[in-house]
Amino acid sequence: MRMPNHFPFRAGCALVMLATLAAAVAATAAAPRLPTVRPEDAGMSAARLSAIDRVVAQGLEAGEMPGCVVVVGRRGRLVWRKAYGHRQVEPEPVAMTVDTVFDMASLTKPIATAASIMLLVEAETLQLDDPVAKHIAEFAAGGKEGITVLQLLTHQSGLIPDNSLADYNEGVEKAWEHLYALKPHVTPGTKFVYSDVGYLVLGELVRRLSGDDVHKFSGQRIFAPLGMTETGFLPGQSLRRRAAPTEQRNGRWMRGEVHDPRAYRLGGIAGHAGLFATTDDLAVYAQMMLGRGQYAGVRILGEKTVAAMTRAYPVSSGRRGLGWDIKTGYSSNRGQSFSPQAFGHGGFTGTSLWIDPQREMFVIFLSNRLHPDGKGSVNRIAGRIGTIAADAVTDGYRPVVRTGIDVLRREDFRRLRGRRVGLITNHTGIDATGASTARLLHEAAEVKLVALFSPEHGLHGTLDTARIADGRDRATGLPVYSLYGASRRPKAETLSGIDTLVFDIQDIGTRFYTYISTMGYAMQAAAEAKIRFVVLDRPNPINGTDVAGPLLDEGRESFVGFHRLPVRHGMTIGELARMFREELQLDLDLQVVPVEGWRRDMFFDATGLKWVNPSPNMRSLTEALLYPGVGLLETTNVSVGRGTDTPFEVIGAPWIDGIRTAGALNGCGLPGVRFVPIDFTPGASKFAGERCGGVNIIITDRAAFRPLRTGLEIAHRLQTLYPDAWTVDAYDRLLANRRVLELLKSGESAARIETAYRTDLEAFARRRARYLLY
């Protein structure tokens, strides 16, 4: 099941709000703008960027817009800042300038409204899962009492896109009465329906909770601290004079006057539209978002807030952020070469802003495509410009994610100064440059690395034996105590002279992968010895959102099941450590050095980090994703591909008919996966040298693929097709859930089995929530 997202803003959030308020008081119009440099100085190609000129020229020639301004920024500097065409063509031509003021239209939603809502979340004034009616009682009418703030932010409220303009003809008060009387168009939470109505309500929510409308609130809390003096609702006369007009209203050109008719009838201030800005101001805002909520020493949003706003929330038509678009049917203005972490938005008037944290860049495209006749179209143009800008990066890009060791190194190992350290690690314990954590701690000033401890597969991750002996590390000369030998926890004598145990190993997100057991046993030993335990956190490579599979039966804890977790736990190693300490009641000084830049929806290939096989048979991200479901089979008389080039991507046995099995599995309609009948001969492990019939498991859609459902379906088909050949009771060794085993043996379907443990999984979700860091 996909766990609901949790937002750990409470700790320190009041301090963030106070800091923002202080910044607002101290800010002046002299806040620094981003400097302009040669593209090459920011790792981009001027020659490649010049293709922007051609794309814009084609748009101007086709009459898609009278003019536009394009800005590209990278690593805190502008590399492209150019005006094209005309600001207006009627009643007389006026050339476009880079300081032109534009009607942002729906860019209002993320930049002003969603950001204001998140500031209220930081202040603990509301929570994302609050029903809106908790704060606006009138909103409950018409069956809307259960609609949450989160659903409004992600356009999953079930509300219609727009209500009738006639609802606004009797004044503002009556307009809100009509809005509150609306009924959901579809069941809330089930479908993505882009809704201006939802953001109108969010704007009103800002007013109800803060006492200020979204114009005043965003101006004081966001734009003023950033020195964005050319951004806001209801621009003054000096800004209106250089505003780009759109169409005519009542015989006059709309210049500095909101184009959206509903926002206009509400006085020009609304949660869905009404904001005006320049490219220079938007560049500052974009850099603030790239700075994880901070710009030029001024913090606007907390780092966790920015992470929550820009992570991908699955919706029926793709992925959305909180206020931001990520990848939906509205993403035609998104550059094709942007990374999966890119987020952005467009506006009806011809505006677009996309920000790519992985490439450390942003692209701003502002036009007044509606001038003079309302017929222009620019989304494709903006998307092509984004692609050109992303493709102009010449120096690659830094990993978007920093692991715990990267953070520790950046801090100059401050947390370990003066400590005598024992390091539990293996070959996966490396920083972004590939330097081993062992070497880094050995060479760090004021840190005394005393000993190394290695898990299953040894210090170098190459051994696949039942027991590993102690040894000595050639690189550091330090003793290496095996935690996969005669003992699987540090002995008292090996901890002599150590006051801090540090853990740095890459996990793969599955309960029976033994590195988390090694950590758990070491935490118990550290608690007994009264020494500190520090976890250098790493991403969960198969994402931190999806949680699946039955929980371990109480009392069946073992080295392949250290704690009562589901098979796929959706947690990082640091979050698991927090859970272990609390739920095992360990009297332990635990510190977690968190990763930076990771979002729960990320798979490992989105982190920018180098993949290192965490164990000899875990050779790819695909195999890690298959492992929770396929790995359960390997204690039975089925080969899971050990001894082949693709472990966990194939299963088979001498008694399996591959064609029959593939046909049965493909007939199930499992999402995101297909099965191809094969024959193979393992070179080692189970059935070594024997010809096996079986299937090759091919993931066709990673977003839809469900490893545990697939694994249970395979087990169900083995039980029904080969009841006399398959050793079903051995399946429980890693499953460790007798109820599920009995259901499987009785012939129950995979869907029925999943239903049987759903309540346990929901209870785990509640347990898990308190330990999440991201």
# chains A, B, ... in the order shown; residues from 1 in each chain; ligands from 1
>>> residues_around(residues="Ala492 of chain A", least_positions_apart="2", cutoff="9 Å", atoms="only C-alpha atoms", output="MDAnalysis selection string")
chainID A and resid 490 494:496 525 529
>>> closest_residue(among="A:Thr759, A:Ser377, A:Thr113, A:Thr710", to="Leu551 of chain A", atoms="only C-alpha atoms")
A:Thr759
>>> residues_around(residues="Asp129 of chain A", least_positions_apart="3", cutoff="7 Å", atoms="only C-alpha atoms", output="list in words")
Thr148, Val149 and Leu150 of chain A
>>> closest_residue(among="A:Gly76, A:Gly471, A:Pro110, A:Gly663", to="Gly346 of chain A", atoms="only C-alpha atoms")
A:Pro110
>>> residues_around(residues="Arg208 of chain A", least_positions_apart="5", cutoff="9 Å", atoms="only C-alpha atoms", output="PyMOL selection string")
chain A and resi 135-136+203+213
>>> write_last_selection(atoms="all heavy atoms", output="PDB file, in the first residue's frame")
ATOM      1  N   HIS A 135     -11.738  24.939   9.638  1.00  0.00           N
ATOM      2  CA  HIS A 135     -11.352  26.348   9.731  1.00  0.00           C
ATOM      3  C   HIS A 135     -12.350  27.274   9.034  1.00  0.00           C
ATOM      4  O   HIS A 135     -12.398  28.466   9.338  1.00  0.00           O
ATOM      5  CB  HIS A 135      -9.967  26.529   9.131  1.00  0.00           C
ATOM      6  CG  HIS A 135      -8.931  25.631   9.722  1.00  0.00           C
ATOM      7  ND1 HIS A 135      -8.424  25.797  10.991  1.00  0.00           N
ATOM      8  CD2 HIS A 135      -8.336  24.507   9.227  1.00  0.00           C
ATOM      9  CE1 HIS A 135      -7.542  24.843  11.250  1.00  0.00           C
ATOM     10  NE2 HIS A 135      -7.475  24.048  10.203  1.00  0.00           N
ATOM     11  N   ILE A 136     -13.097  26.737   8.072  1.00  0.00           N
ATOM     12  CA  ILE A 136     -14.129  27.509   7.383  1.00  0.00           C
ATOM     13  C   ILE A 136     -15.402  26.673   7.458  1.00  0.00           C
ATOM     14  O   ILE A 136     -15.641  25.796   6.621  1.00  0.00           O
ATOM     15  CB  ILE A 136     -13.760  27.800   5.913  1.00  0.00           C
ATOM     16  CG1 ILE A 136     -12.412  28.523   5.816  1.00  0.00           C
ATOM     17  CG2 ILE A 136     -14.843  28.636   5.236  1.00  0.00           C
ATOM     18  CD1 ILE A 136     -11.938  28.770   4.389  1.00  0.00           C
ATOM     19  N   GLY A 203      -6.926  30.533  -0.722  1.00  0.00           N
ATOM     20  CA  GLY A 203      -6.669  31.948  -0.466  1.00  0.00           C
ATOM     21  C   GLY A 203      -7.515  32.475   0.680  1.00  0.00           C
ATOM     22  O   GLY A 203      -7.038  33.247   1.524  1.00  0.00           O
ATOM     23  N   ASP A 213      -5.293  39.030   3.942  1.00  0.00           N
ATOM     24  CA  ASP A 213      -5.561  38.347   2.683  1.00  0.00           C
ATOM     25  C   ASP A 213      -4.238  37.869   2.078  1.00  0.00           C
ATOM     26  O   ASP A 213      -3.138  38.214   2.548  1.00  0.00           O
ATOM     27  CB  ASP A 213      -6.338  39.236   1.711  1.00  0.00           C
ATOM     28  CG  ASP A 213      -5.616  40.534   1.363  1.00  0.00           C
ATOM     29  OD1 ASP A 213      -4.375  40.542   1.320  1.00  0.00           O
ATOM     30  OD2 ASP A 213      -6.304  41.547   1.128  1.00  0.00           O
TER      31      ASP A 213
END
